[in-house]
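Here is the file target01.csv (CSV, C-alpha atoms and all ligand atoms).
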```csv
chain,number,residue,atom,x,y,z
P,625,MET,CA,-24.0,24.4,-37.3
P,626,ALA,CA,-20.9,23.7,-35.3
P,627,THR,CA,-21.6,22.4,-31.8
P,628,HIS,CA,-19.7,23.8,-29.0
P,629,LYS,CA,-19.0,21.3,-26.2
P,630,SER,CA,-18.2,22.5,-22.7
P,631,VAL,CA,-15.2,21.3,-20.7
P,632,GLU,CA,-17.6,19.2,-18.6
P,633,THR,CA,-19.3,17.6,-21.6
P,634,LYS,CA,-15.9,16.7,-23.1
P,635,TYR,CA,-14.7,15.3,-19.8
P,636,MET,CA,-17.9,13.2,-19.3
P,637,GLU,CA,-17.6,11.9,-22.9
P,638,GLU,CA,-14.0,10.9,-22.4
P,639,ARG,CA,-14.9,9.3,-19.1
P,640,ASP,CA,-17.7,7.3,-20.7
P,641,THR,CA,-15.3,6.1,-23.5
P,642,LEU,CA,-12.7,5.1,-20.9
P,643,PHE,CA,-15.1,3.0,-18.9
P,644,ARG,CA,-16.8,1.5,-21.9
P,645,SER,CA,-13.5,0.2,-23.1
P,646,MET,CA,-12.8,-1.1,-19.6
P,647,ARG,CA,-15.5,-3.8,-20.0
P,648,ASN,CA,-13.1,-6.4,-21.2
P,649,LEU,CA,-9.8,-5.6,-19.6
P,650,ASP,CA,-7.5,-7.9,-21.5
P,651,ARG,CA,-3.9,-6.9,-21.9
P,652,ARG,CA,-4.4,-5.1,-25.2
P,653,SER,CA,-7.3,-3.0,-24.1
P,654,PHE,CA,-5.7,-2.3,-20.7
P,655,LEU,CA,-2.7,-0.7,-22.5
P,656,LYS,CA,-5.0,1.7,-24.4
P,657,VAL,CA,-7.2,2.4,-21.4
P,658,SER,CA,-4.3,3.0,-18.9
P,659,ALA,CA,-2.4,5.3,-21.3
P,660,ALA,CA,-5.5,7.4,-21.8
P,661,ALA,CA,-6.1,7.5,-18.0
P,662,ALA,CA,-2.6,8.5,-17.3
P,663,ALA,CA,-2.7,11.3,-19.8
P,664,ALA,CA,-6.1,12.6,-18.6
P,665,SER,CA,-5.4,12.4,-14.9
P,666,ALA,CA,-2.1,14.1,-14.8
P,667,GLY,CA,-1.4,16.0,-17.9
P,668,LEU,CA,1.5,13.7,-18.4
P,669,ALA,CA,1.6,11.9,-21.7
P,670,ALA,CA,3.9,9.0,-20.6
P,671,PRO,CA,3.8,6.9,-17.5
P,672,HIS,CA,6.3,7.9,-14.9
P,673,SER,CA,9.5,6.0,-15.1
P,674,PHE,CA,11.3,4.8,-12.0
P,675,VAL,CA,14.7,5.9,-10.9
P,676,PRO,CA,17.2,3.3,-12.1
P,677,VAL,CA,18.0,1.0,-9.3
P,678,SER,CA,21.2,-0.8,-9.0
P,679,VAL,CA,20.6,-4.5,-8.9
P,680,ALA,CA,24.3,-5.2,-8.8
P,681,ALA,CA,25.2,-7.8,-6.2
P,682,ASP,CA,26.4,-6.4,-2.9
P,683,ALA,CA,29.4,-7.7,-1.0
P,684,GLU,CA,27.3,-10.2,1.0
P,685,SER,CA,25.3,-11.6,-1.9
P,686,SER,CA,25.6,-15.2,-2.9
P,687,ASP,CA,23.8,-17.6,-5.1
P,688,ALA,CA,21.6,-18.5,-2.2
P,689,ASN,CA,20.9,-14.9,-1.2
P,690,PRO,CA,20.7,-12.9,-4.4
P,691,PRO,CA,19.5,-9.3,-4.3
P,692,PHE,CA,16.2,-8.7,-6.0
P,693,ARG,CA,13.5,-6.2,-6.4
P,694,PHE,CA,9.7,-6.2,-5.9
P,695,ALA,CA,7.3,-3.3,-6.7
P,696,TYR,CA,4.4,-2.1,-4.6
P,697,ILE,CA,1.0,-0.5,-5.2
P,698,SER,CA,-1.3,0.3,-2.4
P,699,ASP,CA,-4.5,1.9,-1.0
P,700,SER,CA,-6.4,2.6,-4.2
P,701,HIS,CA,-9.8,2.9,-2.4
P,702,LEU,CA,-11.8,2.2,-5.4
P,703,TYR,CA,-15.4,3.2,-5.7
P,704,GLU,CA,-17.6,1.8,-8.4
P,705,LYS,CA,-16.5,3.4,-11.7
P,706,ARG,CA,-19.9,5.1,-12.2
P,707,ILE,CA,-19.4,6.9,-8.9
P,708,ASN,CA,-15.8,8.0,-8.9
P,709,ASP,CA,-13.2,7.5,-11.6
P,710,ARG,CA,-10.3,9.4,-10.2
P,711,PHE,CA,-9.3,6.6,-7.9
P,712,VAL,CA,-9.8,4.1,-10.8
P,713,ARG,CA,-7.4,6.1,-12.9
P,714,GLY,CA,-4.9,6.1,-10.0
P,715,LEU,CA,-4.8,2.3,-9.8
P,716,LEU,CA,-4.5,2.1,-13.6
P,717,ARG,CA,-1.6,4.5,-13.5
P,718,GLY,CA,0.1,2.4,-10.7
P,719,VAL,CA,-0.3,-0.8,-12.7
P,720,ASP,CA,1.0,0.9,-15.8
P,721,ASP,CA,4.1,2.3,-13.9
P,722,VAL,CA,4.9,-1.2,-12.6
P,723,ASN,CA,4.4,-2.8,-16.0
P,724,ASN,CA,6.9,-0.3,-17.4
P,725,LEU,CA,9.7,-1.4,-15.1
P,726,ASP,CA,12.6,-2.9,-17.0
P,727,PRO,CA,13.7,-5.3,-15.8
P,728,GLN,CA,10.3,-6.4,-14.3
P,729,PRO,CA,10.2,-6.8,-10.5
P,730,ASP,CA,10.1,-10.4,-9.2
P,731,PHE,CA,6.5,-9.7,-7.9
P,732,VAL,CA,4.2,-6.9,-7.1
P,733,PHE,CA,2.9,-6.4,-3.6
P,734,TYR,CA,-0.5,-4.8,-3.1
P,735,GLY,CA,-0.7,-3.2,0.3
P,736,GLY,CA,-4.5,-3.3,1.1
P,737,ASP,CA,-7.5,-1.0,0.9
P,738,LEU,CA,-8.2,-1.9,-2.7
P,739,ALA,CA,-11.9,-1.0,-2.2
P,740,GLN,CA,-13.4,2.0,-0.5
P,741,LEU,CA,-16.4,0.4,1.2
P,742,GLY,CA,-15.7,-3.3,0.7
P,743,GLN,CA,-18.4,-3.7,-2.0
P,744,VAL,CA,-18.5,-6.5,-4.4
P,745,LYS,CA,-18.3,-4.2,-7.5
P,746,GLU,CA,-15.4,-2.3,-6.0
P,747,LEU,CA,-13.4,-5.4,-5.2
P,748,GLU,CA,-14.2,-7.0,-8.6
P,749,LEU,CA,-13.1,-3.9,-10.4
P,750,GLY,CA,-9.8,-3.9,-8.5
P,751,ALA,CA,-9.2,-7.6,-9.2
P,752,GLU,CA,-9.9,-7.0,-12.8
P,753,ILE,CA,-7.4,-4.1,-13.1
P,754,LEU,CA,-4.7,-6.0,-11.1
P,755,LYS,CA,-5.0,-8.9,-13.5
P,756,ASN,CA,-3.1,-6.8,-16.0
P,757,LEU,CA,0.1,-6.8,-14.0
P,758,LYS,CA,2.8,-8.6,-15.8
P,759,ALA,CA,4.6,-9.7,-12.7
P,760,PRO,CA,2.9,-12.1,-10.1
P,761,LEU,CA,0.7,-10.4,-7.5
P,762,LYS,CA,0.9,-10.8,-3.8
P,763,ILE,CA,-1.9,-9.0,-1.9
P,764,MET,CA,-2.8,-8.0,1.6
P,765,VAL,CA,-6.1,-7.0,3.1
P,766,GLY,CA,-7.0,-3.5,4.4
P,767,GLU,CA,-9.9,-2.4,6.7
P,768,HIS,CA,-11.7,-0.9,3.7
P,769,ASP,CA,-11.8,-4.3,2.0
P,770,TRP,CA,-13.1,-6.2,4.9
P,771,TYR,CA,-15.8,-4.8,7.2
P,772,LEU,CA,-18.8,-4.8,4.9
P,773,ASP,CA,-19.0,-8.6,4.6
P,774,MET,CA,-16.2,-9.5,7.0
P,775,GLY,CA,-13.8,-10.5,4.2
P,776,GLU,CA,-16.1,-12.9,2.3
P,777,LYS,CA,-15.8,-11.3,-1.2
P,778,TRP,CA,-12.1,-10.4,-0.7
P,779,GLN,CA,-11.3,-14.0,0.2
P,780,GLU,CA,-13.3,-15.4,-2.7
P,781,LEU,CA,-11.1,-13.2,-5.0
P,782,PHE,CA,-7.7,-13.4,-3.4
P,783,GLY,CA,-7.7,-16.3,-0.9
P,784,GLU,CA,-6.5,-16.4,2.7
P,785,PRO,CA,-5.5,-13.0,4.3
P,786,THR,CA,-2.7,-14.5,6.4
P,787,TYR,CA,0.0,-16.5,4.6
P,788,SER,CA,3.8,-16.8,4.1
P,789,PHE,CA,6.0,-17.6,1.2
P,790,ASP,CA,9.7,-17.9,0.4
P,791,HIS,CA,11.4,-16.1,-2.4
P,792,LYS,CA,15.2,-16.2,-3.2
P,793,GLY,CA,16.1,-17.0,0.4
P,794,VAL,CA,13.8,-14.4,2.0
P,795,HIS,CA,10.9,-15.5,4.2
P,796,PHE,CA,7.9,-13.2,3.5
P,797,VAL,CA,4.9,-13.1,5.9
P,798,VAL,CA,1.6,-11.4,5.1
P,799,LEU,CA,-0.6,-10.5,8.1
P,800,ASN,CA,-4.1,-9.2,8.5
P,801,SER,CA,-3.3,-6.4,11.0
P,802,VAL,CA,-6.8,-4.8,10.9
P,803,VAL,CA,-8.6,-7.3,13.2
P,804,GLU,CA,-11.1,-5.4,15.3
P,805,GLU,CA,-13.1,-6.5,18.3
P,806,ASP,CA,-16.9,-6.6,17.8
P,807,PHE,CA,-18.1,-3.0,18.4
P,808,TRP,CA,-21.1,-3.4,16.1
P,809,THR,CA,-23.4,-6.2,17.5
P,810,ALA,CA,-24.2,-4.4,20.8
P,811,ARG,CA,-24.9,-1.2,18.8
P,812,GLY,CA,-27.2,-3.0,16.3
P,813,MET,CA,-25.2,-1.7,13.3
P,814,THR,CA,-25.9,-2.8,9.8
P,815,PRO,CA,-23.0,-4.2,7.7
P,816,MET,CA,-22.7,-0.8,5.9
P,817,GLU,CA,-22.8,1.1,9.2
P,818,ARG,CA,-20.0,-1.1,10.5
P,819,MET,CA,-18.0,-0.6,7.3
P,820,LYS,CA,-18.4,3.2,7.4
P,821,THR,CA,-17.5,3.3,11.0
P,822,VAL,CA,-14.2,1.5,10.4
P,823,ALA,CA,-13.6,3.6,7.2
P,824,GLY,CA,-14.0,6.8,9.3
P,825,LEU,CA,-10.8,6.0,11.3
P,826,ASP,CA,-11.3,9.0,13.7
P,827,ASN,CA,-14.9,8.5,14.8
P,828,GLY,CA,-14.0,7.0,18.2
P,829,LEU,CA,-16.6,4.2,18.0
P,830,GLN,CA,-14.5,1.4,16.6
P,831,SER,CA,-12.0,-0.8,18.3
P,832,PRO,CA,-8.2,-0.4,17.6
P,833,PHE,CA,-6.6,-2.6,15.0
P,834,THR,CA,-4.9,-5.8,16.2
P,835,VAL,CA,-3.1,-8.8,14.7
P,836,GLY,CA,-4.9,-10.8,17.4
P,837,GLU,CA,-3.9,-13.9,19.4
P,838,PRO,CA,-4.7,-16.6,16.9
P,839,GLN,CA,-2.6,-14.9,14.2
P,840,ARG,CA,0.3,-14.2,16.7
P,841,LYS,CA,0.3,-17.9,17.6
P,842,TRP,CA,0.4,-18.7,13.8
P,843,LEU,CA,3.2,-16.3,13.4
P,844,VAL,CA,5.3,-17.9,16.1
P,845,GLU,CA,4.8,-21.3,14.4
P,846,ASP,CA,5.4,-20.0,11.0
P,847,LEU,CA,8.7,-18.3,12.0
P,848,ALA,CA,9.9,-21.3,14.0
P,849,LYS,CA,11.8,-22.7,11.0
P,850,VAL,CA,13.6,-19.4,10.3
P,851,PRO,CA,17.1,-19.1,11.9
P,852,GLU,CA,18.1,-16.0,13.8
P,853,ASP,CA,20.2,-14.7,11.0
P,854,GLY,CA,17.4,-15.5,8.5
P,855,ARG,CA,16.0,-12.9,6.1
P,856,VAL,CA,12.5,-11.9,7.1
P,857,ILE,CA,10.1,-9.4,5.5
P,858,ILE,CA,6.6,-8.8,7.0
P,859,PHE,CA,3.7,-7.1,5.3
P,860,SER,CA,1.1,-5.5,7.5
P,861,HIS,CA,-1.6,-3.0,6.5
P,862,SER,CA,-1.4,-0.9,9.6
P,863,PRO,CA,2.1,0.0,10.9
P,864,LEU,CA,3.2,-2.7,13.4
P,865,TYR,CA,4.0,0.0,15.9
P,866,LYS,CA,2.0,2.7,17.8
P,867,LEU,CA,2.0,6.0,16.0
P,868,TYR,CA,-1.4,7.7,16.4
P,869,LYS,CA,-4.3,5.9,17.9
P,870,GLN,CA,-7.0,8.4,17.0
P,871,TRP,CA,-6.5,7.7,13.3
P,872,ASN,CA,-5.7,4.0,13.8
P,873,PHE,CA,-2.2,4.6,12.6
P,874,TRP,CA,-1.6,2.0,15.2
P,875,THR,CA,-1.7,-1.7,15.9
P,876,ASP,CA,-2.8,-2.4,19.5
P,877,ASP,CA,-0.8,-5.6,20.0
P,878,ALA,CA,2.3,-4.2,18.2
P,879,ASP,CA,4.5,-4.7,21.2
P,880,GLU,CA,3.6,-8.4,21.3
P,881,VAL,CA,4.3,-8.8,17.6
P,882,GLN,CA,7.6,-7.0,17.9
P,883,GLN,CA,8.5,-9.3,20.8
P,884,ILE,CA,7.9,-12.3,18.5
P,885,LEU,CA,10.3,-10.7,15.9
P,886,SER,CA,12.9,-9.8,18.5
P,887,ARG,CA,15.0,-13.0,18.1
P,888,PHE,CA,16.0,-12.1,14.5
P,889,GLN,CA,19.1,-10.0,13.7
P,890,ASN,CA,17.1,-7.9,11.2
P,891,VAL,CA,13.5,-7.7,10.2
P,892,THR,CA,11.8,-5.4,7.7
P,893,VAL,CA,8.1,-4.5,8.0
P,894,ILE,CA,6.4,-2.9,5.0
P,895,HIS,CA,3.0,-1.4,5.7
P,896,GLY,CA,0.2,0.4,3.8
P,897,HIS,CA,-2.7,2.4,5.4
P,898,THR,CA,-0.8,5.6,6.2
P,899,HIS,CA,-0.6,6.9,2.6
P,900,GLN,CA,2.7,8.8,3.1
P,901,LEU,CA,6.5,8.6,3.4
P,902,LEU,CA,7.0,7.0,6.7
P,903,THR,CA,10.2,5.5,8.1
P,904,ASN,CA,10.8,4.1,11.6
P,905,ARG,CA,13.3,1.8,13.3
P,906,ILE,CA,12.6,0.0,16.6
P,907,GLY,CA,15.7,-2.0,17.6
P,908,ASN,CA,16.2,-4.8,15.0
P,909,ILE,CA,13.0,-3.9,13.0
P,910,HIS,CA,13.0,-1.5,10.1
P,911,PHE,CA,9.6,-0.1,9.2
P,912,HIS,CA,8.5,1.5,5.9
P,913,GLY,CA,5.2,2.9,4.9
P,914,VAL,CA,4.1,3.0,1.3
P,915,LEU,CA,2.3,5.5,-0.9
P,916,SER,CA,-1.4,5.4,-1.9
P,917,THR,CA,-2.6,5.8,-5.5
P,918,ALA,CA,-5.8,7.6,-4.2
P,919,TRP,CA,-4.8,10.4,-1.7
P,920,PRO,CA,-2.1,11.3,0.8
P,921,TRP,CA,-3.1,11.4,4.4
P,922,PRO,CA,-1.7,14.3,6.4
P,923,TYR,CA,1.0,13.5,9.0
P,924,ALA,CA,-0.2,12.6,12.4
P,925,PRO,CA,-0.3,15.7,14.6
P,926,GLU,CA,1.7,14.2,17.5
P,927,GLY,CA,4.8,14.0,15.4
P,928,MET,CA,6.7,11.4,13.3
P,929,PRO,CA,9.2,8.8,14.1
P,930,GLU,CA,12.7,10.4,14.1
P,931,LEU,CA,13.9,8.7,10.9
P,932,THR,CA,10.9,9.9,8.8
P,933,ILE,CA,11.7,12.3,6.0
P,934,GLU,CA,8.3,13.9,5.6
P,935,MET,CA,7.0,14.7,2.1
P,936,THR,CA,5.6,18.1,1.6
P,937,ARG,CA,1.9,18.5,1.9
P,938,PRO,CA,0.3,18.0,-1.5
P,939,ASP,CA,-0.4,20.7,-4.1
P,940,PRO,CA,-4.1,21.5,-3.7
P,941,PHE,CA,-4.4,22.1,-7.4
P,942,ASN,CA,-3.2,18.7,-8.3
P,943,PRO,CA,-5.4,15.8,-7.2
P,944,SER,CA,-2.8,13.1,-7.6
P,945,ASP,CA,0.0,15.0,-5.9
P,946,GLY,CA,1.5,13.1,-2.9
P,947,CYS,CA,0.2,9.8,-4.5
P,948,GLY,CA,2.4,7.2,-6.1
P,949,ASN,CA,3.7,3.7,-6.0
P,950,GLY,CA,7.2,2.3,-5.8
P,951,ALA,CA,9.7,-0.5,-5.3
P,952,VAL,CA,11.7,-2.3,-2.7
P,953,GLN,CA,15.2,-3.4,-3.4
P,954,VAL,CA,16.1,-6.4,-1.1
P,955,HIS,CA,19.8,-6.7,-0.3
P,956,ALA,CA,21.6,-9.9,0.4
P,957,ASP,CA,21.3,-9.5,4.2
P,958,GLY,CA,17.5,-9.1,3.9
P,959,LEU,CA,17.5,-5.3,4.6
P,960,VAL,CA,15.9,-3.1,2.0
P,961,ASP,CA,16.1,0.2,0.1
P,962,LYS,CA,12.7,1.7,-0.2
P,963,ILE,CA,11.9,3.7,-3.4
P,964,TYR,CA,9.0,6.1,-3.2
P,965,ASN,CA,7.9,6.9,-6.7
P,966,LEU,CA,5.9,10.1,-6.1
P,967,TRP,CA,3.9,10.9,-9.3
P,968,ASN,CA,4.4,14.6,-9.4
P,969,ARG,CA,7.7,14.9,-7.5
P,970,ASN,CA,11.1,13.5,-7.6
P,971,PRO,CA,11.3,9.9,-6.5
P,972,ILE,CA,12.9,9.4,-3.1
P,973,THR,CA,15.0,6.5,-1.9
P,974,VAL,CA,15.2,5.7,1.8
P,975,SER,CA,18.2,3.3,1.9
P,976,LYS,CA,19.1,0.5,4.2
P,977,LYS,CA,22.3,2.4,5.1
P,978,TYR,CA,20.2,5.4,6.3
P,979,LEU,CA,18.3,3.1,8.8
P,980,VAL,CA,21.3,1.1,9.8
P,981,SER,CA,23.2,4.3,10.7
P,982,MET,CA,20.1,5.7,12.5
P,983,GLY,CA,19.9,8.6,10.0
P,984,LYS,CA,23.6,9.6,10.1
P,985,GLU,CA,24.5,8.3,6.6
P,986,ASP,CA,22.9,8.4,3.2
P,987,LEU,CA,20.2,11.0,4.1
P,988,PRO,CA,17.2,11.1,1.7
P,989,PRO,CA,16.7,14.4,0.0
P,990,LYS,CA,14.6,17.0,1.8
P,991,PRO,CA,11.3,17.9,0.1
P,992,ASN,CA,12.0,20.3,-2.8
P,993,ARG,CA,8.8,22.2,-2.8
P,994,PRO,CA,7.0,24.3,-0.2
P,995,SER,CA,4.1,22.9,1.8
P,996,TYR,CA,0.5,24.0,1.3
P,1001,FE,FE,-5.9,3.3,2.9
P,1002,FE,FE,-6.3,1.3,5.7
```

With the file now loaded, output its structure as structure tokens.
Amino acid sequence: MATHKSVETKYMEERDTLFRSMRNLDRRSFLKVSAAAAAASAGLAAPHSFVPVSVAADAESSDANPPFRFAYISDSHLYEKRINDRFVRGLLRGVDDVNNLDPQPDFVFYGGDLAQLGQVKELELGAEILKNLKAPLKIMVGEHDWYLDMGEKWQELFGEPTYSFDHKGVHFVVLNSVVEEDFWTARGMTPMERMKTVAGLDNGLQSPFTVGEPQRKWLVEDLAKVPEDGRVIIFSHSPLYKLYKQWNFWTDDADEVQQILSRFQNVTVIHGHTHQLLTNRIGNIHFHGVLSTAWPWPYAPEGMPELTIEMTRPDPFNPSDGCGNGAVQVHADGLVDKIYNLWNRNPITVSKKYLVSMGKEDLPPKPNRPSY
């Protein structure tokens, strides 16, 4: 007798096969697993390819300051795979996209919130998947990675949350911008209650994010060796400006950090956390938000920075709409073009020229679909 399998049964079987084959995620099995995940999650057979980016030298480039490109993946919010596999598929797709870049980026930056609730299995799963990146990984911490065990597991896997490095004449700084004052001890919260309170963002109980005094002091010392016309790119998880406090789209000591950066001709800040196209410029500082592989947040109700070209609200029938990953093209002067690789939309480039001209030149395309 022929057995008829329901859609759910087929889905669950396919899911089991996917995760069984994830047990040993070496390169060869990753390729199989990620291709299956991409096909299943999006109805797309092949990984999204990026818009070709011109890596030709610009006028100011030199041997000391060559232009280069790095890719980013961010905010995957992984649950354990037995609980939720959609976000796992999202990260697999991000890694696959980046591995398909030709030429490969110089490195891949991961923008924080790898885990959903900071749990050992979530973080280990993320680390296991990220090992399959062909290019070197640089990673930053997000609040979802941190507040269960106060960063213990994350640091065991990835090292210090605050560090800097130099690459092709650019000084990169990675900050932990999600430092919160203790709101949990007085309330007698368990570690999981603390984690869920921070993850809630809009519950009103937690403290605002900060970089905090010790890190600001470290930042001043770290940047002391960089001249005023040096090329500086900062990674922070929350935006290093004040956008919307109720959702912690906000860093409470942003003004102090901006003050530290004010002596440079130009600085770029790339941040995660907001899960959307977000562009801002405050004086000498250019800010770019990055996309999430898990879900897009809605835009803050109090309005956007003037330079932001908003993406349309996602298609409710497509769970990965409004998600994606992308790349950053670094020019010889240290300023960047930001490429948003939206999975189910046309990629969008927000160029250095657009920010330098305060939105007068090189306007990114307006969204090409209606909002829902
Ligand atoms: Fe996030
Ligand atoms: Fe976050």

For this session: Go through the chains and note each residue within 8 Å of ligand FE 1002 (chain P), using all atoms listed in the file, then give the set as a PyMOL selection string.
Result: chain P and resi 699+736-737+766-768+823+861-862+896-898

Problem set entry | Selected residue, from P:Gln743, P:Phe782, P:Val893, P:Pro925, that lies nearest to Lys869 of chain P when counting only C-alpha atoms |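 Counting only C-alpha atoms, the residue closest to Lys869 of chain P is P:Pro925.
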
For this session: Counting only C-alpha atoms, figure out which residue out of P:Trp770, P:Phe731, P:Trp967, P:Phe789 gets nearest to Arg693 of chain P.
Result: P:Phe731

Problem set entry | Contact residues around Leu702 of chain P with only C-alpha atoms at 10 Å, ignoring same-chain residues under 2 positions, as an MDAnalysis selection string | chainID P and resid 699:700 704:705 707:715 737:743 745:747 749:750 768:769 917:918

Exercise. Which is closer to ligand FE 1001 (chain P) than all the others in P:Pro971, P:Leu979, P:Asp877, P:Cys947, using all atoms listed in the file?
Worked result: P:Cys947

For this session: For each of P:Val803, P:Val765, P:Leu931, P:Val881, take the minimum atom-to-atom distance to ligand FE 1001 (chain P), counting only C-alpha atoms and all ligand atoms, then give the residue where this is smallest.
Result: P:Val765

Exercise. For ligand FE 1001 (chain P), which of P:Lys755, P:Arg887, P:His899, P:Arg706 is the closest residue, counting all atoms listed in the file?
Worked result: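 Closest to ligand FE 1001 (chain P), using all atoms listed in the file: P:His899.
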
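Separating atom CA of Leu761 of chain P from atom CA of Ile697 of chain P is a distance of 10.2 Å.
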